[in-house]
Amino acid sequence: MTDEERLNIITATVEAARPAVQADGGDLELVAVEGHRVRVRLSGACTTCSMAGQTLGGIRRKLMQVLDGPVMVVPA
């Protein structure tokens with residue numbers, strides 16, 4: 001898989017998660033991909049939500065599934 005294909009998959013996965021997050025009053029945005037580290041910005045209700053870690057974990061699990069490899073999702 002090329003770096004461009006990997007970035008496209010990561011972008012699509014984050015975008016697919018946005019509607020559910022937005023439905024709860026928050027939002028997330030892909031900020032950067034640095035090797036195996038994916039940086040996302042949480043905003044809105046996500047900034048004070050106790051479940052934000054669960055949201056990042058869910059995105060990480062989905063990315064690991066579609067990329068078939070290790071990924072770390074961290075807040076920016």
# chains A, B, ... in the order shown; residues from 1 in each chain; ligands from 1
>>> residues_around(residues="Val38 of chain A", least_positions_apart="4", cutoff="12 Å", atoms="only C-alpha atoms", output="mmCIF file with N, CA, C and O atoms, in the first residue's frame")
data_model
loop_
_atom_site.group_PDB
_atom_site.id
_atom_site.type_symbol
_atom_site.label_atom_id
_atom_site.label_comp_id
_atom_site.auth_asym_id
_atom_site.auth_seq_id
_atom_site.Cartn_x
_atom_site.Cartn_y
_atom_site.Cartn_z
ATOM 1 N N ARG A 6 -2.785 4.844 1.908
ATOM 2 C CA ARG A 6 -2.948 4.761 3.352
ATOM 3 C C ARG A 6 -3.618 6.026 3.887
ATOM 4 O O ARG A 6 -4.538 5.960 4.699
ATOM 5 N N LEU A 7 -3.160 7.183 3.424
ATOM 6 C CA LEU A 7 -3.754 8.446 3.854
ATOM 7 C C LEU A 7 -5.217 8.532 3.438
ATOM 8 O O LEU A 7 -6.057 8.988 4.219
ATOM 9 N N ILE A 9 -7.312 6.052 3.047
ATOM 10 C CA ILE A 9 -8.076 5.148 3.906
ATOM 11 C C ILE A 9 -8.287 5.771 5.280
ATOM 12 O O ILE A 9 -9.388 5.732 5.838
ATOM 13 N N ILE A 10 -7.247 6.368 5.833
ATOM 14 C CA ILE A 10 -7.348 7.013 7.137
ATOM 15 C C ILE A 10 -8.340 8.165 7.084
ATOM 16 O O ILE A 10 -9.212 8.296 7.952
ATOM 17 N N THR A 11 -8.241 8.988 6.055
ATOM 18 C CA THR A 11 -9.157 10.122 5.894
ATOM 19 C C THR A 11 -10.598 9.642 5.788
ATOM 20 O O THR A 11 -11.495 10.177 6.451
ATOM 21 N N THR A 13 -11.902 6.865 6.873
ATOM 22 C CA THR A 13 -12.339 6.263 8.132
ATOM 23 C C THR A 13 -12.721 7.342 9.140
ATOM 24 O O THR A 13 -13.749 7.239 9.814
ATOM 25 N N VAL A 14 -11.906 8.377 9.244
ATOM 26 C CA VAL A 14 -12.218 9.481 10.158
ATOM 27 C C VAL A 14 -13.500 10.184 9.699
ATOM 28 O O VAL A 14 -14.378 10.495 10.511
ATOM 29 N N GLU A 29 -11.571 16.019 13.532
ATOM 30 C CA GLU A 29 -10.918 16.403 12.290
ATOM 31 C C GLU A 29 -9.548 15.738 12.249
ATOM 32 O O GLU A 29 -8.821 15.735 13.248
ATOM 33 N N LEU A 30 -9.206 15.182 11.108
ATOM 34 C CA LEU A 30 -7.883 14.606 10.920
ATOM 35 C C LEU A 30 -6.885 15.748 10.817
ATOM 36 O O LEU A 30 -7.047 16.653 9.991
ATOM 37 N N VAL A 31 -5.854 15.724 11.657
ATOM 38 C CA VAL A 31 -4.854 16.796 11.667
ATOM 39 C C VAL A 31 -3.575 16.354 10.965
ATOM 40 O O VAL A 31 -3.040 17.078 10.138
ATOM 41 N N ALA A 32 -3.088 15.166 11.291
ATOM 42 C CA ALA A 32 -1.826 14.710 10.707
ATOM 43 C C ALA A 32 -1.701 13.203 10.833
ATOM 44 O O ALA A 32 -2.304 12.587 11.706
ATOM 45 N N VAL A 33 -0.896 12.650 9.942
ATOM 46 C CA VAL A 33 -0.525 11.246 10.020
ATOM 47 C C VAL A 33 0.996 11.225 10.038
ATOM 48 O O VAL A 33 1.641 11.700 9.107
ATOM 49 N N GLU A 34 1.545 10.723 11.125
ATOM 50 C CA GLU A 34 2.995 10.677 11.312
ATOM 51 C C GLU A 34 3.395 9.231 11.576
ATOM 52 O O GLU A 34 3.361 8.773 12.718
ATOM 53 N N LEU A 56 -11.835 7.766 20.441
ATOM 54 C CA LEU A 56 -10.523 7.585 19.821
ATOM 55 C C LEU A 56 -10.172 6.104 19.721
ATOM 56 O O LEU A 56 -9.609 5.668 18.708
ATOM 57 N N GLY A 57 -10.523 5.335 20.735
ATOM 58 C CA GLY A 57 -10.269 3.901 20.700
ATOM 59 C C GLY A 57 -11.042 3.198 19.601
ATOM 60 O O GLY A 57 -10.530 2.294 18.941
ATOM 61 N N ILE A 59 -12.038 4.561 16.778
ATOM 62 C CA ILE A 59 -11.404 4.926 15.509
ATOM 63 C C ILE A 59 -10.125 4.116 15.320
ATOM 64 O O ILE A 59 -9.841 3.612 14.231
ATOM 65 N N ARG A 60 -9.359 3.956 16.388
ATOM 66 C CA ARG A 60 -8.122 3.169 16.319
ATOM 67 C C ARG A 60 -8.418 1.721 15.910
ATOM 68 O O ARG A 60 -7.752 1.165 15.036
ATOM 69 N N LEU A 63 -9.308 1.596 12.239
ATOM 70 C CA LEU A 63 -8.127 1.809 11.397
ATOM 71 C C LEU A 63 -7.232 0.575 11.393
ATOM 72 O O LEU A 63 -6.695 0.201 10.342
ATOM 73 N N MET A 64 -7.065 -0.058 12.545
ATOM 74 C CA MET A 64 -6.248 -1.272 12.598
ATOM 75 C C MET A 64 -6.855 -2.371 11.732
ATOM 76 O O MET A 64 -6.130 -3.137 11.090
ATOM 77 N N PRO A 70 -0.598 -1.943 13.092
ATOM 78 C CA PRO A 70 -0.694 -1.101 14.284
ATOM 79 C C PRO A 70 -0.932 0.368 13.949
ATOM 80 O O PRO A 70 -0.365 0.892 12.985
ATOM 81 N N VAL A 71 -1.769 1.002 14.739
ATOM 82 C CA VAL A 71 -2.085 2.429 14.591
ATOM 83 C C VAL A 71 -2.287 2.999 15.989
ATOM 84 O O VAL A 71 -2.842 2.340 16.856
ATOM 85 N N MET A 72 -1.857 4.224 16.183
ATOM 86 C CA MET A 72 -2.083 4.919 17.428
ATOM 87 C C MET A 72 -2.860 6.191 17.088
ATOM 88 O O MET A 72 -2.419 6.976 16.236
ATOM 89 N N VAL A 73 -4.018 6.389 17.698
ATOM 90 C CA VAL A 73 -4.834 7.586 17.468
ATOM 91 C C VAL A 73 -4.722 8.463 18.703
ATOM 92 O O VAL A 73 -5.022 8.012 19.814
ATOM 93 N N VAL A 74 -4.252 9.693 18.510
ATOM 94 C CA VAL A 74 -4.030 10.601 19.626
ATOM 95 C C VAL A 74 -4.707 11.942 19.355
ATOM 96 O O VAL A 74 -4.826 12.363 18.202
ATOM 97 N N PRO A 75 -5.159 12.606 20.413
ATOM 98 C CA PRO A 75 -5.764 13.931 20.222
ATOM 99 C C PRO A 75 -4.695 14.969 19.907
ATOM 100 O O PRO A 75 -3.585 14.907 20.426
ATOM 101 N N ALA A 76 -5.038 15.894 19.058
ATOM 102 C CA ALA A 76 -4.105 16.974 18.683
ATOM 103 C C ALA A 76 -4.294 18.157 19.605
ATOM 104 O O ALA A 76 -5.351 18.395 20.112
#
>>> atom_distance(atom1="atom CA of Arg18 of chain A", atom2="atom CA of Glu4 of chain A")
21.3 Å
>>> atom_distance(atom1="atom CA of Gln22 of chain A", atom2="atom CA of Arg39 of chain A")
18.2 Å
>>> closest_residue(among="A:Val21, A:Met1, A:Glu15, A:Gln65", to="Met51 of chain A", atoms="only C-alpha atoms")
A:Val21
>>> atom_distance(atom1="atom CA of Asp68 of chain A", atom2="atom CA of Ala23 of chain A")
28.6 Å
